[in-house]
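Engineer: Starting off with a structure, shown below.
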Amino acid sequence: MPCHDNLDESRLRRPSPRLPRRITIISARVGAGHDGAAAELALRLGAAGFAVDRRDFLDLLPAGLGRVLAATYRRMLTWAPAGYQRLYTSAEHTARPGPLLRVLFRSARRRTLRAIPSGTVAVVSTYPGASHVLGGLRSAGRLDIPAITYLTDFSVHPLWVARGIDAHLAAHPVPAAQARARGAVRVTVAGPVTGERFTPVDEAERSAARAAFGLPAGQALALLVAGSWGVGAVRRSAAEILACGAAVPVVVCGRNETLADELRADGFAYVRGWEADMPGLMRACDVLVQNAGGLTSLEAFASGLPVVSFRCIPGHGQTNAAALDEAGLAVWVRDPAALGGVLASLVAGPLGERRRAAGLALFGSGPGAAEVIAAAVDERTVRPTPVVRPGRPDRPGRPDRPDRPVRRGARTAAVGLAATLAFGIAAPLAHADDMFPSRLATAAHHLFERYEL
C-alpha cells in the first residue's frame, strides 16, 4: 500500500558538513546525447572531488510513462517525420509546456526529490524535462540547492528553458544567445563536454586506425552517423556520398540492425552497427556527415574532423544544423548536388582547414562545465527560496489525508488515464495547449499523486 506521509525535505536543505559533497545529475535515455553529456560531466565532477549520483528522468515519470515517451518519440521520427517537424515548428512559438507536459512534470516532483541523496549540494540536468521538474521544485521552495541545466543541443528549443533554474551552461555563444533570448537566467558559455579520447591525430595514427578497422588506406573516408537509434534518410545519404565520388562512406547504424542489414544488402562495404570505439573510428576517417547535430558532432570537433550536416532529421536535427552553420562550425548542405564539392573541400581544401580550426577552438583554456558547476556550489550565489507552509509537499498549506487502501477501481482508472496520455506523449505535441483539456490534466495529476503510480 503506498505511503502518503510528508516527504522529509529538510535533508535537502542544508547538507551536513560530515557528509561528502554530492552532485546529482539527471539525464534521460532518449538517444545517446543526453546520457553521453551526463557521463562525461560525472567523470569531470568526480575528478574535482565530488561524489556524483546519476538518475534517469524517464524512471521518475509516473506509471511507466518514461518508456512510452522514449518509444513514441522514436516512432514519430521513424514513421511520421513530416508530422513531427510540423509539431516541433509550432511548439517553437510557445512560451511554456502545454498541459500534458505540465501535469507530467508536477507528478514527477516527489519522485525526483526522493532520488536526490542526502548531502547533495547541487543538481544538474542534461534533459529539458528534468529541468522543468527541478525548476518547479526550486520555485515552490521545496529544493534549496542550486539546479543547473547543461544545454546538450546546439540550438535551444523553448522546452530547454525552465522557470526556477539557477543557471544554464552552453557549449558556444550561439546556443547561449538563443537561451538568453528565450528567458534563461545566468547563461554561461562553458564549452562542450566530450571524452578525453576524442583528440586530433597525425597521418601515421590515422593510417594505423584504418588498418585496425579494416578500412582502405588510399581513399577519403566519410563517416556517416545517424545517432544511437540509426534514424533518418541514412541509406539515401550513403548512396549520395558514394555517387558524388568525393569520399567512401563508412556508415554507423547505432542499434538499428535492420538498417545495417539493408545497407549491406545495398552493397556498401563499410557498415557498422553499435560502435564502442567511436574515438578510434573518427581517427580513421577524414570527415563526418551527420543528421542530428548532437554529441557526435562535438566529438568530431574534438577529433579535428570537419563536419557536414546533410539530410537532417526533423526538429532538433534541422535547428541544430542551422545553429552549427551560423557558428561557422559545420556546413549545412541542403542541395544534394553540392555535396561532392563540399566534401572534397573539407577533406583536402581550405574549407576543411577553417572548419577544423573552428571546431578545435571550442575546447579552449577557459573554465569548462565542471569548473562552472563547482564554482556555483562554492559561491552558493543562488536566490533564497520561499518558506513552505506545513502540509502536503505538493500542496503547501493543505493537510494530508489519512492513509487509506487503494481501491481497485481508482487504480484502474489511473492506469487507464496514464495509457490514454501515453498515446500523445512527445515534447512538441504536448506543447499544444488545445490538445489536452484542463480538467483531464487536473484529474491526471490527482491520480498520479494520490496513488503514486
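If you're wondering about the labels, chains in the C-alpha cells are A, B, ... by order shown, residues count from 1 in each chain, ligands from 1 in order shown.
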Applying 10 Å and only C-alpha atoms, which residues near A:Asn291 remain after dropping the ones on its own chain fewer than 2 positions away? List them as a list in words.
Structural biologist: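 The residues that qualify are Leu224, Val225, Ala226, Gly227, Val231, Gly232, Ala233, Val234, Ser237, Val289, Gly293, Gly294, Ser297, Val308, Ser309, Phe310, Arg311, Cys312, Ile313, Pro314, His316, Gly317, Gln318, Asn320, Ala321 and Trp332 of chain A.
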Engineer: Please produce a file of the residues just selected, as a PDB file, in the first residue's frame, where the atoms kept are N, CA and C atoms.
Structural biologist:
ATOM      1  N   LEU A 224      29.595   8.425 -41.804  1.00  0.00           N
ATOM      2  CA  LEU A 224      28.182   8.783 -41.815  1.00  0.00           C
ATOM      3  C   LEU A 224      27.520   8.223 -40.559  1.00  0.00           C
ATOM      4  N   VAL A 225      26.969   9.116 -39.725  1.00  0.00           N
ATOM      5  CA  VAL A 225      26.368   8.697 -38.461  1.00  0.00           C
ATOM      6  C   VAL A 225      24.906   9.131 -38.422  1.00  0.00           C
ATOM      7  N   ALA A 226      24.117   8.395 -37.643  1.00  0.00           N
ATOM      8  CA  ALA A 226      22.684   8.699 -37.532  1.00  0.00           C
ATOM      9  C   ALA A 226      22.201   8.484 -36.107  1.00  0.00           C
ATOM     10  N   GLY A 227      23.044   8.768 -35.126  1.00  0.00           N
ATOM     11  CA  GLY A 227      22.657   8.639 -33.731  1.00  0.00           C
ATOM     12  C   GLY A 227      22.580   7.200 -33.266  1.00  0.00           C
ATOM     13  N   VAL A 231      18.351   6.696 -37.139  1.00  0.00           N
ATOM     14  CA  VAL A 231      17.146   7.207 -37.789  1.00  0.00           C
ATOM     15  C   VAL A 231      17.517   8.218 -38.868  1.00  0.00           C
ATOM     16  N   GLY A 232      16.579   8.432 -39.788  1.00  0.00           N
ATOM     17  CA  GLY A 232      16.783   9.384 -40.862  1.00  0.00           C
ATOM     18  C   GLY A 232      17.000   8.701 -42.200  1.00  0.00           C
ATOM     19  N   ALA A 233      17.282   9.510 -43.213  1.00  0.00           N
ATOM     20  CA  ALA A 233      17.461   9.013 -44.587  1.00  0.00           C
ATOM     21  C   ALA A 233      18.889   8.511 -44.779  1.00  0.00           C
ATOM     22  N   VAL A 234      19.273   7.514 -44.000  1.00  0.00           N
ATOM     23  CA  VAL A 234      20.659   7.060 -43.963  1.00  0.00           C
ATOM     24  C   VAL A 234      21.041   6.350 -45.263  1.00  0.00           C
ATOM     25  N   SER A 237      21.464   8.903 -47.988  1.00  0.00           N
ATOM     26  CA  SER A 237      22.684   9.687 -47.786  1.00  0.00           C
ATOM     27  C   SER A 237      23.922   8.898 -48.172  1.00  0.00           C
ATOM     28  N   VAL A 289      29.753  13.112 -41.587  1.00  0.00           N
ATOM     29  CA  VAL A 289      28.460  13.519 -42.131  1.00  0.00           C
ATOM     30  C   VAL A 289      27.396  13.102 -41.129  1.00  0.00           C
ATOM     31  N   GLY A 293      23.137  16.766 -35.293  1.00  0.00           N
ATOM     32  CA  GLY A 293      23.833  17.873 -34.633  1.00  0.00           C
ATOM     33  C   GLY A 293      24.029  17.701 -33.153  1.00  0.00           C
ATOM     34  N   GLY A 294      24.087  16.465 -32.673  1.00  0.00           N
ATOM     35  CA  GLY A 294      24.208  16.222 -31.246  1.00  0.00           C
ATOM     36  C   GLY A 294      25.634  16.015 -30.786  1.00  0.00           C
ATOM     37  N   SER A 297      28.708  15.281 -33.175  1.00  0.00           N
ATOM     38  CA  SER A 297      29.316  16.421 -33.850  1.00  0.00           C
ATOM     39  C   SER A 297      30.385  17.059 -32.967  1.00  0.00           C
ATOM     40  N   VAL A 308      29.815  17.854 -41.755  1.00  0.00           N
ATOM     41  CA  VAL A 308      28.769  18.226 -42.705  1.00  0.00           C
ATOM     42  C   VAL A 308      27.427  17.814 -42.123  1.00  0.00           C
ATOM     43  N   SER A 309      26.446  18.723 -42.148  1.00  0.00           N
ATOM     44  CA  SER A 309      25.064  18.384 -41.819  1.00  0.00           C
ATOM     45  C   SER A 309      24.329  18.116 -43.128  1.00  0.00           C
ATOM     46  N   PHE A 310      23.703  16.939 -43.228  1.00  0.00           N
ATOM     47  CA  PHE A 310      23.097  16.541 -44.502  1.00  0.00           C
ATOM     48  C   PHE A 310      21.875  15.674 -44.244  1.00  0.00           C
ATOM     49  N   ARG A 311      20.803  15.963 -44.969  1.00  0.00           N
ATOM     50  CA  ARG A 311      19.530  15.251 -44.832  1.00  0.00           C
ATOM     51  C   ARG A 311      19.169  15.081 -43.359  1.00  0.00           C
ATOM     52  N   CYS A 312      19.071  16.224 -42.669  1.00  0.00           N
ATOM     53  CA  CYS A 312      18.881  16.222 -41.227  1.00  0.00           C
ATOM     54  C   CYS A 312      17.483  15.746 -40.843  1.00  0.00           C
ATOM     55  N   ILE A 313      17.408  15.096 -39.701  1.00  0.00           N
ATOM     56  CA  ILE A 313      16.122  14.635 -39.193  1.00  0.00           C
ATOM     57  C   ILE A 313      15.293  15.850 -38.784  1.00  0.00           C
ATOM     58  N   PRO A 314      13.976  15.675 -38.647  1.00  0.00           N
ATOM     59  CA  PRO A 314      13.122  16.812 -38.285  1.00  0.00           C
ATOM     60  C   PRO A 314      13.450  17.363 -36.903  1.00  0.00           C
ATOM     61  N   HIS A 316      14.963  19.022 -33.897  1.00  0.00           N
ATOM     62  CA  HIS A 316      16.261  19.478 -33.426  1.00  0.00           C
ATOM     63  C   HIS A 316      17.378  19.201 -34.433  1.00  0.00           C
ATOM     64  N   GLY A 317      17.220  18.191 -35.297  1.00  0.00           N
ATOM     65  CA  GLY A 317      18.249  17.932 -36.301  1.00  0.00           C
ATOM     66  C   GLY A 317      18.447  19.122 -37.220  1.00  0.00           C
ATOM     67  N   GLN A 318      17.368  19.733 -37.650  1.00  0.00           N
ATOM     68  CA  GLN A 318      17.454  20.874 -38.558  1.00  0.00           C
ATOM     69  C   GLN A 318      17.820  22.160 -37.826  1.00  0.00           C
ATOM     70  N   ASN A 320      19.578  22.348 -35.052  1.00  0.00           N
ATOM     71  CA  ASN A 320      20.996  22.214 -34.702  1.00  0.00           C
ATOM     72  C   ASN A 320      21.888  22.468 -35.907  1.00  0.00           C
ATOM     73  N   ALA A 321      21.480  21.968 -37.080  1.00  0.00           N
ATOM     74  CA  ALA A 321      22.263  22.206 -38.296  1.00  0.00           C
ATOM     75  C   ALA A 321      22.353  23.688 -38.598  1.00  0.00           C
ATOM     76  N   TRP A 332      26.090  23.144 -43.575  1.00  0.00           N
ATOM     77  CA  TRP A 332      24.789  22.515 -43.786  1.00  0.00           C
ATOM     78  C   TRP A 332      24.523  22.440 -45.282  1.00  0.00           C
TER      79      TRP A 332
END
Engineer: Would you mind listing what lies within 12 Å of A:Gly352 as an mmCIF file with N, CA and C atoms, in the first residue's frame, with only C-alpha atoms counted and same-chain residues fewer than 3 positions away left out?
Structural biologist:
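Below is the file that was written, part_34.cif:
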data_model
loop_
_atom_site.group_PDB
_atom_site.id
_atom_site.type_symbol
_atom_site.label_atom_id
_atom_site.label_comp_id
_atom_site.auth_asym_id
_atom_site.auth_seq_id
_atom_site.Cartn_x
_atom_site.Cartn_y
_atom_site.Cartn_z
ATOM 1 N N ASP A 286 38.098 11.004 -42.542
ATOM 2 C CA ASP A 286 38.508 12.349 -42.947
ATOM 3 C C ASP A 286 37.450 13.417 -42.706
ATOM 4 N N VAL A 287 36.195 13.027 -42.646
ATOM 5 C CA VAL A 287 35.107 13.983 -42.500
ATOM 6 C C VAL A 287 33.917 13.267 -41.885
ATOM 7 N N LEU A 288 33.110 13.987 -41.127
ATOM 8 C CA LEU A 288 31.909 13.413 -40.519
ATOM 9 C C LEU A 288 30.674 13.994 -41.217
ATOM 10 N N PHE A 301 34.438 17.517 -33.604
ATOM 11 C CA PHE A 301 35.221 18.755 -33.473
ATOM 12 C C PHE A 301 36.459 18.512 -32.614
ATOM 13 N N GLY A 304 39.244 16.839 -34.453
ATOM 14 C CA GLY A 304 39.805 17.522 -35.605
ATOM 15 C C GLY A 304 39.155 17.145 -36.916
ATOM 16 N N LEU A 305 37.924 16.607 -36.870
ATOM 17 C CA LEU A 305 37.212 16.242 -38.089
ATOM 18 C C LEU A 305 36.288 17.376 -38.516
ATOM 19 N N PRO A 306 36.329 17.790 -39.778
ATOM 20 C CA PRO A 306 35.303 18.717 -40.267
ATOM 21 C C PRO A 306 33.954 18.007 -40.351
ATOM 22 N N VAL A 307 32.883 18.762 -40.218
ATOM 23 C CA VAL A 307 31.548 18.182 -40.102
ATOM 24 C C VAL A 307 30.616 18.753 -41.163
ATOM 25 N N VAL A 308 29.815 17.854 -41.755
ATOM 26 C CA VAL A 308 28.769 18.226 -42.705
ATOM 27 C C VAL A 308 27.427 17.814 -42.123
ATOM 28 N N GLY A 328 29.688 28.791 -37.789
ATOM 29 C CA GLY A 328 30.864 28.534 -38.609
ATOM 30 C C GLY A 328 31.573 27.247 -38.271
ATOM 31 N N LEU A 329 30.837 26.289 -37.712
ATOM 32 C CA LEU A 329 31.450 25.038 -37.280
ATOM 33 C C LEU A 329 31.192 23.881 -38.234
ATOM 34 N N ALA A 330 29.987 23.794 -38.781
ATOM 35 C CA ALA A 330 29.629 22.692 -39.674
ATOM 36 C C ALA A 330 28.869 23.239 -40.868
ATOM 37 N N VAL A 331 29.165 22.715 -42.044
ATOM 38 C CA VAL A 331 28.496 23.152 -43.267
ATOM 39 C C VAL A 331 27.172 22.402 -43.388
ATOM 40 N N GLY A 341 31.236 18.675 -53.915
ATOM 41 C CA GLY A 341 32.174 19.787 -53.808
ATOM 42 C C GLY A 341 32.501 20.136 -52.370
ATOM 43 N N VAL A 342 31.495 20.109 -51.513
ATOM 44 C CA VAL A 342 31.734 20.424 -50.105
ATOM 45 C C VAL A 342 32.621 19.370 -49.460
ATOM 46 N N LEU A 343 32.337 18.086 -49.723
ATOM 47 C CA LEU A 343 33.164 17.027 -49.142
ATOM 48 C C LEU A 343 34.610 17.132 -49.614
ATOM 49 N N ALA A 344 34.809 17.381 -50.888
ATOM 50 C CA ALA A 344 36.171 17.484 -51.419
ATOM 51 C C ALA A 344 36.930 18.621 -50.753
ATOM 52 N N SER A 345 36.268 19.766 -50.568
ATOM 53 C CA SER A 345 36.941 20.910 -49.953
ATOM 54 C C SER A 345 37.200 20.688 -48.470
ATOM 55 N N LEU A 346 36.313 19.956 -47.811
ATOM 56 C CA LEU A 346 36.526 19.682 -46.396
ATOM 57 C C LEU A 346 37.641 18.668 -46.166
ATOM 58 N N VAL A 347 37.760 17.707 -47.074
ATOM 59 C CA VAL A 347 38.786 16.676 -46.912
ATOM 60 C C VAL A 347 40.177 17.235 -47.190
ATOM 61 N N ALA A 348 40.321 18.022 -48.249
ATOM 62 C CA ALA A 348 41.675 18.432 -48.659
ATOM 63 C C ALA A 348 41.725 19.865 -49.152
ATOM 64 N N GLY A 349 40.854 20.726 -48.687
ATOM 65 C CA GLY A 349 40.837 22.100 -49.168
ATOM 66 C C GLY A 349 40.830 23.106 -48.038
ATOM 67 N N ARG A 355 37.290 24.889 -40.915
ATOM 68 C CA ARG A 355 36.340 24.217 -40.041
ATOM 69 C C ARG A 355 37.046 23.414 -38.946
ATOM 70 N N ARG A 356 38.174 22.795 -39.252
ATOM 71 C CA ARG A 356 38.923 22.076 -38.218
ATOM 72 C C ARG A 356 39.381 23.036 -37.124
ATOM 73 N N ALA A 357 39.896 24.178 -37.539
ATOM 74 C CA ALA A 357 40.370 25.167 -36.565
ATOM 75 C C ALA A 357 39.222 25.684 -35.706
ATOM 76 N N ALA A 358 38.081 25.939 -36.330
ATOM 77 C CA ALA A 358 36.934 26.443 -35.574
ATOM 78 C C ALA A 358 36.443 25.398 -34.579
ATOM 79 N N GLY A 359 36.419 24.132 -34.987
ATOM 80 C CA GLY A 359 35.970 23.080 -34.088
ATOM 81 C C GLY A 359 36.890 22.906 -32.895
#
Engineer: At a cut-off of 8 Å, using only C-alpha atoms, what residues contact stretch 171-173 of chain A? Leave out same-chain residues fewer than 4 positions from it and give the result as a list in words.
Structural biologist: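 So, after excluding close chain neighbours, the residues are Leu151, Thr152, Phe154, Ala177, Val189, Ala190, Gly191, Pro192 and Leu362 of chain A.
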Engineer: Taking only stretch 240-349 of chain A into account, list the residues labelled strand (DSSP E or B) by DSSP (computed from the backbone), as a ChimeraX atom specification.
Structural biologist: /A:248-252,271-272,287-290,307-310,330-333
Engineer: I'd like the interatomic distance between atom CA of A:Asn256 and atom CA of A:Leu242, to a tenth of an Å.
Structural biologist: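 A separation of 21.0 Å between them.
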Engineer: Please determine, counting only C-alpha atoms, which residue among A:Ala284, A:Ala204, A:Ala217, A:Val185 has the shortest atom-to-atom distance to A:Ala147.
Structural biologist: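 Of all the options, A:Val185 lies closest to A:Ala147.
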Engineer: How many Å lie between atom CA of A:Ala184 and atom CA of A:Ser155, rounded to one decimal?
Structural biologist: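 So the two atoms, atom CA of A:Ala184 and atom CA of A:Ser155, lie 13.4 Å apart.
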Engineer: Can you tell me, as a PDB file with C-alpha atoms, in the first residue's frame, what residues are no more than 8 Å from A:Ile25 when counting only C-alpha atoms, ignoring any on the same chain fewer than 6 positions away?
Structural biologist:
ATOM      1  CA  ALA A  38      25.895  13.348 -18.251  1.00  0.00           C
ATOM      2  CA  ALA A  42      30.106  12.870 -13.911  1.00  0.00           C
ATOM      3  CA  VAL A  52      28.266  12.034  -8.223  1.00  0.00           C
ATOM      4  CA  ASP A  53      24.909  10.272  -8.435  1.00  0.00           C
ATOM      5  CA  ARG A  54      23.174   9.797 -11.792  1.00  0.00           C
ATOM      6  CA  ARG A  55      19.455   9.418 -12.322  1.00  0.00           C
ATOM      7  CA  VAL A 123      21.510  19.078  -9.138  1.00  0.00           C
ATOM      8  CA  VAL A 124      22.454  19.198 -12.830  1.00  0.00           C
ATOM      9  CA  SER A 125      20.047  18.401 -15.652  1.00  0.00           C
ATOM     10  CA  THR A 126      21.057  17.376 -19.157  1.00  0.00           C
TER      11      THR A 126
END
Engineer: Which residue out of A:Arg22, A:Pro249, A:Pro128, A:Asp277 has the minimum interatomic distance to A:Ala209 when only C-alpha atoms are used?
Structural biologist: A:Asp277
Engineer: Could you pull the residues within 12 Å of A:Ala243, counting only C-alpha atoms, minus those fewer than 4 positions along the same chain, as a list in words?
Structural biologist: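 That gives Arg236, Ser237, Ala238, Ala239, Ala247, Val248, Pro249, Phe268, Pro336, Ala337, Leu339 and Gly340 of chain A.
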Engineer: Set the distance at 6 Å and use only C-alpha atoms: which residues neighbour A:Ala28 once local chain neighbours fewer than 4 positions away are removed? I'd like the list as a ChimeraX atom specification.
Structural biologist: /A:56-58
Engineer: Kindly indicate which residue among A:Leu137, A:Ala162, A:Gly280, A:Arg235 lies nearest to A:Ser207, using only C-alpha atoms for the distances.
Structural biologist: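 Going through A:Leu137, A:Ala162, A:Gly280, A:Arg235 one by one, the smallest distance to A:Ser207 is for A:Gly280.
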Engineer: What's the separation between atom CA of A:Ala338 and atom CA of A:Gly245, in Å to one decimal place?
Structural biologist: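 One can read the atom CA of A:Ala338 to atom CA of A:Gly245 distance as 12.1 Å.
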Engineer: Ranking A:Asp202, A:Glu326, A:Asp335, A:Asp266 by minimum distance to A:Arg283 and counting only C-alpha atoms, which one comes first?
Structural biologist: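 Closest to A:Arg283 of all the choices is A:Asp202.
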Engineer: Which one is closest to A:Tyr270: A:Arg142, A:Arg255, A:His132, A:Arg210? Count only C-alpha atoms.
Structural biologist: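 Among A:Arg142, A:Arg255, A:His132, A:Arg210, it is A:Arg210 that comes nearest to A:Tyr270.
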Engineer: Name all residues at most 8 Å from A:Val250 (count only C-alpha atoms; drop same-chain ones fewer than 5 positions away) and give them as a PyMOL selection string.
Structural biologist: chain A and resi 221-224+270-272
Engineer: Please give the complete set of residues from stretch 97-170 of chain A that DSSP, run on the backbone, assigns to alpha helix (DSSP H), formatted as a list in words.
Structural biologist: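 Answer for stretch 97-170 of chain A, restricted to alpha helix (DSSP H): Pro99, Leu100, Leu101, Arg102, Val103, Leu104, Phe105, Arg106, Ser107, Arg109, Arg110, Arg111, Thr112, Leu113, Arg114, Ala115, Pro128, Gly129, Ala130, Ser131, His132, Val133, Leu134, Gly135, Gly136, Leu137, Arg138 and Ser139 of chain A.
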